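S.K.: Pasting model-v7.pdb here (PDB, C-alpha atoms):
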ATOM      1  CA  MET A 180       0.000   0.000   0.000
ATOM      2  CA  GLU A 181       1.471   3.357  -1.025
ATOM      3  CA  VAL A 182      -0.549   5.631   1.283
ATOM      4  CA  ILE A 183      -2.263   4.995   4.622
ATOM      5  CA  THR A 184      -4.697   7.404   6.240
ATOM      6  CA  PHE A 185      -7.398   7.221   8.895
ATOM      7  CA  GLY A 186     -10.207   9.288  10.354
ATOM      8  CA  GLU A 187     -13.927   9.837  10.532
ATOM      9  CA  SER A 188     -16.145   9.601   7.482
ATOM     10  CA  MET A 189     -19.781  10.573   7.767
ATOM     11  CA  VAL A 190     -23.011  10.399   5.854
ATOM     12  CA  LEU A 191     -23.716  13.743   4.199
ATOM     13  CA  PHE A 192     -27.234  15.000   3.527
ATOM     14  CA  SER A 193     -27.432  17.870   1.041
ATOM     15  CA  GLY A 194     -30.660  19.800   0.644
ATOM     16  CA  ASP A 195     -32.238  19.574  -2.811
ATOM     17  CA  ARG A 196     -32.985  23.312  -2.837
ATOM     18  CA  GLU A 197     -30.988  26.479  -2.132
ATOM     19  CA  LEU A 198     -32.795  27.299   1.106
ATOM     20  CA  PRO A 199     -32.157  27.401   4.868
ATOM     21  CA  LEU A 200     -32.340  23.847   6.209
ATOM     22  CA  GLU A 201     -35.562  24.430   8.111
ATOM     23  CA  TYR A 202     -37.334  24.907   4.773
ATOM     24  CA  VAL A 203     -35.746  21.928   3.004
ATOM     25  CA  HIS A 204     -37.808  18.721   2.948
ATOM     26  CA  GLN A 205     -35.776  16.426   0.705
ATOM     27  CA  PHE A 206     -32.088  15.564   0.902
ATOM     28  CA  HIS A 207     -29.531  13.809  -1.267
ATOM     29  CA  LYS A 208     -27.455  11.237   0.612
ATOM     30  CA  GLN A 209     -23.686  11.116   0.039
ATOM     31  CA  MET A 210     -20.569  10.112   1.942
ATOM     32  CA  ALA A 211     -17.679  12.380   2.934
ATOM     33  CA  GLY A 212     -14.704  12.645   5.247
ATOM     34  CA  ALA A 213     -11.402  14.481   4.810
ATOM     35  CA  GLU A 214      -9.100  11.471   5.019
ATOM     36  CA  SER A 215     -11.280   9.122   2.969
ATOM     37  CA  ASN A 216     -11.662  11.903   0.378
ATOM     38  CA  VAL A 217      -7.878  11.933   0.020
ATOM     39  CA  ALA A 218      -7.712   8.136  -0.206
ATOM     40  CA  ILE A 219     -10.390   8.092  -2.907
ATOM     41  CA  GLY A 220      -8.623  10.894  -4.774
ATOM     42  CA  LEU A 221      -5.391   8.896  -4.775
ATOM     43  CA  ALA A 222      -7.137   5.716  -5.906
ATOM     44  CA  ARG A 223      -8.683   7.568  -8.843
ATOM     45  CA  LEU A 224      -5.226   8.801  -9.817
ATOM     46  CA  GLY A 225      -3.963   5.218  -9.957
ATOM     47  CA  HIS A 226      -2.325   4.869  -6.535
ATOM     48  CA  SER A 227      -2.923   2.263  -3.851
ATOM     49  CA  ALA A 228      -4.422   3.758  -0.695
ATOM     50  CA  GLY A 229      -5.699   2.334   2.567
ATOM     51  CA  TRP A 230      -8.084   4.029   4.998
ATOM     52  CA  PHE A 231      -9.324   2.848   8.356
ATOM     53  CA  SER A 232     -11.798   4.014  10.975
ATOM     54  CA  LYS A 233     -14.298   2.740  13.506
ATOM     55  CA  LEU A 234     -17.833   2.731  12.108
ATOM     56  CA  GLY A 235     -21.165   2.301  13.808
ATOM     57  CA  GLU A 236     -22.775  -1.107  13.500
ATOM     58  CA  ASP A 237     -25.616   0.487  11.579
ATOM     59  CA  ALA A 238     -26.906   1.144   8.091
ATOM     60  CA  PHE A 239     -24.875   4.346   7.724
ATOM     61  CA  GLY A 240     -21.677   2.580   8.779
ATOM     62  CA  ARG A 241     -22.230  -0.131   6.194
ATOM     63  CA  TYR A 242     -23.021   2.489   3.559
ATOM     64  CA  ILE A 243     -19.740   4.317   4.250
ATOM     65  CA  MET A 244     -17.725   1.105   4.129
ATOM     66  CA  GLN A 245     -19.305   0.068   0.836
ATOM     67  CA  SER A 246     -18.843   3.544  -0.660
ATOM     68  CA  ILE A 247     -15.149   3.840   0.161
ATOM     69  CA  ARG A 248     -14.280   0.235  -0.664
ATOM     70  CA  GLY A 249     -16.185   0.586  -3.943
ATOM     71  CA  GLN A 250     -13.825   3.406  -4.952
ATOM     72  CA  GLY A 251     -10.842   1.056  -4.836
ATOM     73  CA  VAL A 252      -9.586   2.021  -1.360
ATOM     74  CA  ASP A 253      -8.412  -0.739   0.978
ATOM     75  CA  THR A 254     -10.690  -0.805   4.051
ATOM     76  CA  SER A 255      -9.431  -4.079   5.513
ATOM     77  CA  ARG A 256      -8.403  -2.454   8.822
ATOM     78  CA  CYS A 257     -11.790  -0.831   9.485
ATOM     79  CA  THR A 258     -13.829  -2.057  12.438
ATOM     80  CA  TYR A 259     -17.440  -1.740  13.592
ATOM     81  CA  THR A 260     -18.853  -0.980  17.030
ATOM     82  CA  ASP A 261     -22.351  -1.082  18.487
ATOM     83  CA  ALA A 262     -21.316   1.296  21.301
ATOM     84  CA  ALA A 263     -21.905   4.470  19.249
ATOM     85  CA  PRO A 264     -23.500   5.529  15.955
ATOM     86  CA  THR A 265     -21.977   6.590  12.669
ATOM     87  CA  ALA A 266     -21.886  10.395  12.444
ATOM     88  CA  VAL A 267     -23.866  12.469   9.958
ATOM     89  CA  PHE A 268     -23.750  16.044   8.725
ATOM     90  CA  PHE A 269     -25.895  18.359   6.648
ATOM     91  CA  LYS A 270     -24.944  20.818   3.927
ATOM     92  CA  GLU A 271     -27.015  23.953   3.453
ATOM     93  CA  ARG A 272     -26.825  25.822   0.155
ATOM     94  CA  ARG A 273     -28.045  29.394  -0.266
ATOM     95  CA  SER A 274     -28.860  31.198  -3.516
ATOM     96  CA  SER A 275     -25.986  33.555  -2.788
ATOM     97  CA  GLY A 276     -23.596  30.648  -3.335
ATOM     98  CA  LYS A 277     -22.785  30.419   0.357
ATOM     99  CA  THR A 278     -22.468  26.907   1.815
ATOM    100  CA  GLN A 279     -22.949  26.102   5.509
ATOM    101  CA  VAL A 280     -22.175  22.723   7.076
ATOM    102  CA  TYR A 281     -23.770  21.336  10.259
ATOM    103  CA  TYR A 282     -22.084  18.372  11.982
ATOM    104  CA  TYR A 283     -23.668  15.756  14.272
ATOM    105  CA  ARG A 284     -20.598  13.823  15.328
ATOM    106  CA  GLN A 285     -20.115  14.165  19.102
ATOM    107  CA  GLY A 286     -19.778  10.738  20.730
ATOM    108  CA  SER A 287     -19.651   9.021  17.333
ATOM    109  CA  ALA A 288     -18.201   5.592  16.607
ATOM    110  CA  ALA A 289     -15.033   7.115  15.126
ATOM    111  CA  SER A 290     -14.369   9.063  18.332
ATOM    112  CA  LEU A 291     -13.909   5.703  20.079
ATOM    113  CA  MET A 292     -10.797   4.861  18.055
ATOM    114  CA  THR A 293      -7.674   4.135  20.135
ATOM    115  CA  LYS A 294      -4.043   3.452  19.338
ATOM    116  CA  GLU A 295      -4.840  -0.254  19.578
ATOM    117  CA  ASP A 296      -6.782   0.188  16.323
ATOM    118  CA  LEU A 297      -3.530   0.802  14.456
ATOM    119  CA  ASP A 298      -1.981  -2.181  12.684
ATOM    120  CA  GLU A 299       1.655  -1.139  12.940
ATOM    121  CA  SER A 300       2.896  -3.612  10.324
ATOM    122  CA  TYR A 301       0.264  -2.313   7.890
ATOM    123  CA  LEU A 302       1.528   1.242   8.333
ATOM    124  CA  ALA A 303       5.215   0.288   8.320
ATOM    125  CA  GLN A 304       5.047  -1.019   4.746
ATOM    126  CA  ALA A 305       3.527   2.182   3.347
ATOM    127  CA  LYS A 306       5.396   4.966   1.582
ATOM    128  CA  ILE A 307       3.304   7.823   2.997
ATOM    129  CA  LEU A 308       1.132   8.414   6.056
ATOM    130  CA  HIS A 309      -1.454  11.156   5.570
ATOM    131  CA  VAL A 310      -2.874  12.773   8.719
ATOM    132  CA  THR A 311      -5.127  15.750   9.387
ATOM    133  CA  GLY A 312      -5.916  17.886  12.407
ATOM    134  CA  ILE A 313      -9.493  16.612  12.445
ATOM    135  CA  THR A 314      -8.973  13.116  13.855
ATOM    136  CA  PRO A 315      -6.987  14.162  16.952
ATOM    137  CA  ALA A 316      -9.753  16.638  17.814
ATOM    138  CA  LEU A 317     -12.436  13.942  18.029
ATOM    139  CA  SER A 318     -11.371  12.611  21.432
ATOM    140  CA  GLU A 319      -8.362  12.094  23.694
ATOM    141  CA  SER A 320      -7.976   8.525  22.456
ATOM    142  CA  CYS A 321      -8.043   9.724  18.837
ATOM    143  CA  PHE A 322      -5.267  12.205  19.629
ATOM    144  CA  GLU A 323      -3.215   9.382  21.170
ATOM    145  CA  LEU A 324      -3.855   7.241  18.081
ATOM    146  CA  THR A 325      -2.724  10.032  15.767
ATOM    147  CA  MET A 326       0.512  10.696  17.647
ATOM    148  CA  HIS A 327       1.196   6.957  17.890
ATOM    149  CA  ALA A 328       0.706   6.558  14.146
ATOM    150  CA  MET A 329       3.103   9.419  13.413
ATOM    151  CA  ASP A 330       5.703   7.941  15.743
ATOM    152  CA  VAL A 331       5.376   4.507  14.120
ATOM    153  CA  ALA A 332       5.765   6.148  10.709
ATOM    154  CA  LYS A 333       8.907   8.000  11.814
ATOM    155  CA  ARG A 334      10.463   4.809  13.183
ATOM    156  CA  ASN A 335       9.814   3.034   9.901
ATOM    157  CA  GLN A 336      10.897   5.910   7.650
ATOM    158  CA  VAL A 337       7.383   6.401   6.279
ATOM    159  CA  CYS A 338       6.965   9.934   4.924
ATOM    160  CA  ILE A 339       4.333  11.985   6.810
ATOM    161  CA  VAL A 340       2.082  14.506   5.070
ATOM    162  CA  PHE A 341       0.127  16.701   7.496
ATOM    163  CA  ASP A 342      -2.884  18.864   6.632
ATOM    164  CA  PRO A 343      -3.938  20.909   9.724
ATOM    165  CA  ASN A 344      -7.532  21.095   8.443
ATOM    166  CA  ILE A 345      -8.677  22.885  11.621
ATOM    167  CA  ARG A 346     -12.273  22.363  12.774
ATOM    168  CA  TRP A 347     -12.964  25.056  15.363
ATOM    169  CA  LYS A 348     -16.145  23.395  16.599
ATOM    170  CA  LEU A 349     -14.142  20.376  17.788
ATOM    171  CA  TRP A 350     -11.703  21.999  20.227
ATOM    172  CA  ASP A 351     -10.570  25.249  21.840
ATOM    173  CA  ARG A 352      -7.875  27.419  20.294
ATOM    174  CA  ASP A 353      -5.170  26.814  22.920
ATOM    175  CA  THR A 354      -5.482  23.031  22.722
ATOM    176  CA  ALA A 355      -5.655  23.140  18.942
ATOM    177  CA  LYS A 356      -2.483  25.191  18.661
ATOM    178  CA  THR A 357      -0.478  23.077  21.108
ATOM    179  CA  ARG A 358      -1.462  19.745  19.629
ATOM    180  CA  LEU A 359      -1.285  20.727  15.975
ATOM    181  CA  LEU A 360       2.235  22.077  16.504
ATOM    182  CA  GLU A 361       3.172  18.741  18.087
ATOM    183  CA  MET A 362       1.990  17.091  14.909
ATOM    184  CA  ALA A 363       3.774  19.622  12.698
ATOM    185  CA  ALA A 364       7.060  18.859  14.453
ATOM    186  CA  ARG A 365       6.755  15.224  13.325
ATOM    187  CA  ALA A 366       5.689  15.924   9.725
ATOM    188  CA  ASP A 367       7.775  15.890   6.564
ATOM    189  CA  TYR A 368       5.337  17.929   4.471
ATOM    190  CA  ILE A 369       2.833  20.433   5.890
ATOM    191  CA  LEU A 370      -0.155  21.798   3.921
ATOM    192  CA  PRO A 371      -1.786  24.663   5.877
ATOM    193  CA  GLY A 372      -4.282  27.175   4.622
ATOM    194  CA  LEU A 373      -3.162  30.785   5.036
ATOM    195  CA  ASP A 374      -5.382  31.397   8.083
ATOM    196  CA  GLU A 375      -4.301  28.102   9.656
ATOM    197  CA  GLY A 376      -0.650  28.903   9.104
ATOM    198  CA  GLU A 377      -1.019  32.361  10.638
ATOM    199  CA  PHE A 378      -2.836  30.893  13.657
ATOM    200  CA  LEU A 379      -0.235  28.190  14.276
ATOM    201  CA  THR A 380       2.924  30.228  13.666
ATOM    202  CA  GLY A 381       1.851  33.779  14.451
ATOM    203  CA  GLN A 382       3.295  34.860  11.101
ATOM    204  CA  PRO A 383       1.256  36.878   8.556
ATOM    205  CA  SER A 384       2.846  35.959   5.215
ATOM    206  CA  PRO A 385       3.144  32.622   3.373
ATOM    207  CA  LYS A 386       6.954  32.885   3.333
ATOM    208  CA  GLU A 387       7.196  33.500   7.076
ATOM    209  CA  ILE A 388       4.679  30.740   7.793
ATOM    210  CA  ALA A 389       6.683  28.297   5.698
ATOM    211  CA  GLU A 390       9.954  29.271   7.365
ATOM    212  CA  SER A 391       8.438  28.734  10.816
ATOM    213  CA  PHE A 392       7.350  25.212   9.918
ATOM    214  CA  LEU A 393      10.687  24.445   8.262
ATOM    215  CA  GLU A 394      12.386  25.359  11.529
ATOM    216  CA  LEU A 395      10.341  22.590  13.194
ATOM    217  CA  GLY A 396      11.936  20.055  10.848
ATOM    218  CA  ALA A 397       9.636  19.818   7.818
ATOM    219  CA  LYS A 398      11.168  19.091   4.412
ATOM    220  CA  ALA A 399       8.725  21.387   2.644
ATOM    221  CA  VAL A 400       5.648  23.510   3.313
ATOM    222  CA  VAL A 401       2.826  24.375   0.922
ATOM    223  CA  VAL A 402       0.552  27.243   1.982
ATOM    224  CA  LYS A 403      -2.840  27.071   0.272
ATOM    225  CA  LEU A 404      -4.047  30.497  -0.847
ATOM    226  CA  GLY A 405      -7.434  29.658  -2.371
ATOM    227  CA  LYS A 406      -8.084  31.705  -5.493
ATOM    228  CA  ASP A 407      -4.526  33.031  -5.271
ATOM    229  CA  GLY A 408      -3.006  29.588  -5.772
ATOM    230  CA  ALA A 409      -0.367  28.202  -3.429
ATOM    231  CA  TYR A 410       3.051  29.144  -2.056
ATOM    232  CA  TYR A 411       5.674  26.437  -1.563
ATOM    233  CA  GLN A 412       9.031  26.440   0.157
ATOM    234  CA  SER A 413      11.673  23.865   1.042
ATOM    235  CA  LEU A 414      15.234  24.200   2.270
ATOM    236  CA  THR A 415      16.422  24.751  -1.313
ATOM    237  CA  GLU A 416      13.620  26.437  -3.250
ATOM    238  CA  ARG A 417      10.496  28.510  -2.987
ATOM    239  CA  GLY A 418       7.862  29.757  -5.368
ATOM    240  CA  HIS A 419       4.208  30.361  -6.163
ATOM    241  CA  VAL A 420       1.670  28.348  -8.132
ATOM    242  CA  THR A 421      -1.007  30.537  -9.668
ATOM    243  CA  SER A 422      -4.656  29.539  -9.458
ATOM    244  CA  ILE A 423      -6.625  27.934 -12.275
ATOM    245  CA  SER A 424      -9.749  29.900 -13.053
ATOM    246  CA  VAL A 425     -12.917  27.784 -12.740
ATOM    247  CA  GLU A 426     -16.552  28.342 -11.852
ATOM    248  CA  GLU A 427     -16.914  27.530  -8.153
ATOM    249  CA  ILE A 428     -19.895  25.256  -7.530
ATOM    250  CA  ASP A 429     -18.998  23.653  -4.187
ATOM    251  CA  PRO A 430     -15.800  24.593  -2.286
ATOM    252  CA  VAL A 431     -16.133  21.822   0.319
ATOM    253  CA  GLY A 432     -13.523  19.120  -0.280
ATOM    254  CA  ALA A 433     -11.159  21.269  -2.341
ATOM    255  CA  GLY A 434      -8.413  21.035   0.292
ATOM    256  CA  ASP A 435      -8.695  17.246   0.333
ATOM    257  CA  GLY A 436      -8.374  17.198  -3.440
ATOM    258  CA  PHE A 437      -5.328  19.438  -3.126
ATOM    259  CA  ALA A 438      -3.747  16.995  -0.667
ATOM    260  CA  ALA A 439      -4.475  14.029  -2.950
ATOM    261  CA  GLY A 440      -2.902  15.794  -5.913
ATOM    262  CA  PHE A 441       0.169  16.770  -3.915
ATOM    263  CA  ILE A 442       0.691  13.287  -2.468
ATOM    264  CA  SER A 443       0.274  11.864  -5.966
ATOM    265  CA  GLY A 444       3.077  14.158  -7.097
ATOM    266  CA  LEU A 445       5.304  12.930  -4.275
ATOM    267  CA  LEU A 446       4.643   9.316  -5.261
ATOM    268  CA  ARG A 447       5.489  10.148  -8.869
ATOM    269  CA  LYS A 448       8.722  11.761  -7.614
ATOM    270  CA  ASP A 449       7.762  15.061  -9.226
ATOM    271  CA  ASP A 450       9.754  18.163  -8.392
ATOM    272  CA  LEU A 451       8.104  20.248  -5.676
ATOM    273  CA  PRO A 452       6.643  22.956  -7.969
ATOM    274  CA  VAL A 453       5.229  20.290 -10.283
ATOM    275  CA  ALA A 454       3.629  18.428  -7.358
ATOM    276  CA  VAL A 455       2.071  21.683  -6.126
ATOM    277  CA  SER A 456       0.808  22.504  -9.609
ATOM    278  CA  ARG A 457      -0.765  19.038  -9.725
ATOM    279  CA  ALA A 458      -2.380  19.640  -6.330
ATOM    280  CA  ASN A 459      -3.734  23.004  -7.402
ATOM    281  CA  ALA A 460      -5.310  21.485 -10.510
ATOM    282  CA  VAL A 461      -7.091  18.735  -8.566
ATOM    283  CA  GLY A 462      -8.474  21.325  -6.146
ATOM    284  CA  ALA A 463      -9.722  23.424  -9.054
ATOM    285  CA  ILE A 464     -11.536  20.448 -10.581
ATOM    286  CA  VAL A 465     -13.177  19.534  -7.261
ATOM    287  CA  VAL A 466     -14.717  22.981  -6.640
ATOM    288  CA  GLY A 467     -16.418  22.835 -10.015
ATOM    289  CA  ILE A 468     -18.627  19.850  -9.075
ATOM    290  CA  GLN A 469     -21.209  19.402  -6.316
ATOM    291  CA  GLY A 470     -20.104  16.933  -3.625
ATOM    292  CA  ASP A 471     -16.934  16.051  -1.715
ATOM    293  CA  THR A 472     -15.713  13.105  -3.818
ATOM    294  CA  GLU A 473     -17.754  13.334  -7.006
ATOM    295  CA  GLY A 474     -15.344  15.812  -8.592
ATOM    296  CA  LEU A 475     -12.108  13.994  -7.784
ATOM    297  CA  PRO A 476     -10.481  13.382 -11.196
ATOM    298  CA  ASN A 477      -8.776  10.402 -12.757
ATOM    299  CA  GLU A 478      -5.354  10.879 -14.348
ATOM    300  CA  GLU A 479      -6.760  11.613 -17.803
ATOM    301  CA  GLU A 480      -9.042  14.332 -16.440
ATOM    302  CA  LEU A 481      -6.203  15.824 -14.416
ATOM    303  CA  GLN A 482      -3.903  15.941 -17.424
ATOM    304  CA  ALA A 483      -6.637  17.664 -19.421
ATOM    305  CA  MET A 484      -6.794  20.371 -16.759
ATOM    306  CA  LEU A 485      -3.009  20.696 -16.655
ATOM    307  CA  SER A 486      -2.625  20.730 -20.431
ATOM    308  CA  GLY A 487      -1.052  23.968 -21.538
ATOM    309  CA  GLN A 488      -0.763  25.251 -17.968
ATOM    310  CA  ALA A 489       2.644  26.756 -17.227
ATOM    311  CA  ASN A 490       1.358  28.002 -13.893
ATOM    312  CA  TYR A 491       4.242  27.848 -11.466
ATOM    313  CA  GLN A 492       7.133  30.190 -10.846
ATOM    314  CA  ASN A 493      10.191  28.712  -9.143
ATOM    315  CA  VAL A 494      12.584  30.930  -7.211
ATOM    316  CA  GLN A 495      15.910  29.475  -6.059
ATOM    317  CA  ARG A 496      16.735  30.474  -2.511
TER     318      ARG A 496
END
Starting from the file, lay out its structure as structure tokens.

M.R.:
Amino acid sequence: MEVITFGESMVLFSGDRELPLEYVHQFHKQMAGAESNVAIGLARLGHSAGWFSKLGEDAFGRYIMQSIRGQGVDTSRCTYTDAAPTAVFFKERRSSGKTQVYYYRQGSAASLMTKEDLDESYLAQAKILHVTGITPALSESCFELTMHAMDVAKRNQVCIVFDPNIRWKLWDRDTAKTRLLEMAARADYILPGLDEGEFLTGQPSPKEIAESFLELGAKAVVVKLGKDGAYYQSLTERGHVTSISVEEIDPVGAGDGFAAGFISGLLRKDDLPVAVSRANAVGAIVVGIQGDTEGLPNEEELQAMLSGQANYQNVQR
């Protein structure tokens, strides 16, 4: 398995009309979760990816398992529990184009994950471990699992890609900052959004944010800038990838697509600016389609987006 990741995936209900939820009467059922989105994105790009979690012993848990496994992701390390339900969330769409998400995940099955749920030999054979800041915020045992997984990866020379992906509703700011910086200090590649990077480092600019993370030991940092593209920096180079202009239909899941594209570039042994350009293109494709995973491209679709795009500027340090 090339990439291993883990975390909570939930059943998503999207209203069929652009109205406040209290006026919506019919919903479209889908599945979504940051880490499984990345795993699915990698599978569609031709890579082998494994994802694990703890699911409720219920219809929604079975639906999630079937959905992720059906996308070509290895789910052999997933487990079920009857001690808690599978989480759900709702997406509200307004005519203004604004999207609001409401989570119902407290005390969910995934929050019961512990470090005993990690198959160390399964992780040790991987090339990359992908982690986010969502899973450690679910519960104390999930934080312990996340740190344990990163330590196992370090011992076995498995590359760690860390996306902070901060969810403010899950923990307070002081705890978030302390624990996410602990994770950053163990990561090889860090993919913060601009606001996340400023929060964690106290620095206002992409360059200063990147330098702060590099001082913690990262090999490279990519700061996501939304419509302004992405800034990347390593110990030897830095530069900026410009955005790809697309009509934004649904921004949710774009960061997960970005991570999948970037990790794909690492697996292909692309140079850093090329990997970031690849990541930027996947994110652009995702925002143009409704749903978290529906827009994740295959390699042919990604190459079509990249065709003719000379959209990165490399600056030697």

S.K.: Taking into account all atoms listed in the file, which residue in the set A:Leu324, A:Ala263, A:Val401, A:Leu291 is nearest to A:Leu451?

M.R.: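 Among A:Leu324, A:Ala263, A:Val401, A:Leu291, it is A:Val401 that comes nearest to A:Leu451.
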
S.K.: Do you know which residues lie at most 7 Å from (-13.4, 11.7, -3.9), with coordinates as in the file and all atoms listed in the file counted, and could you write them as a ChimeraX atom specification?

M.R.: /A:216-217,219-220,471-475

S.K.: Restricting the calculation to all atoms listed in the file: of A:Pro199, A:Gly194, A:Gly408, A:Gly186, which residue gets closest to A:Lys233?

M.R.: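 Of all the options, A:Gly186 lies closest to A:Lys233.
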
S.K.: Once the PyMOL selection byres ((chain A and resi 313) around 7) is applied to the coordinates I shared, what remains selected? I want it as a list in words.

M.R.: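 Taken on the displayed file, the PyMOL selection byres ((chain A and resi 313) around 7) yields the residues Thr311, Gly312, Thr314, Pro315, Ala316, Leu317, Asn344, Ile345 and Arg346 of chain A.
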
S.K.: Could the residues in this selection be written to a file with C-alpha atoms, as a PDB file, in the frame of the given file?

M.R.:
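Listed below is the output, result-v2.pdb:
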ATOM      1  CA  THR A 311      -5.127  15.750   9.387  1.00  0.00           C
ATOM      2  CA  GLY A 312      -5.916  17.886  12.407  1.00  0.00           C
ATOM      3  CA  THR A 314      -8.973  13.116  13.855  1.00  0.00           C
ATOM      4  CA  PRO A 315      -6.987  14.162  16.952  1.00  0.00           C
ATOM      5  CA  ALA A 316      -9.753  16.638  17.814  1.00  0.00           C
ATOM      6  CA  LEU A 317     -12.436  13.942  18.029  1.00  0.00           C
ATOM      7  CA  ASN A 344      -7.532  21.095   8.443  1.00  0.00           C
ATOM      8  CA  ILE A 345      -8.677  22.885  11.621  1.00  0.00           C
ATOM      9  CA  ARG A 346     -12.273  22.363  12.774  1.00  0.00           C
TER      10      ARG A 346
END

S.K.: Please write the residues picked by the PyMOL selection byres ((chain A and resi 232) around 9) on this file as a VMD selection string.

M.R.: chain A and resid 185 to 188 230 to 231 233 to 234 254 256 to 259 288 to 289 292 296
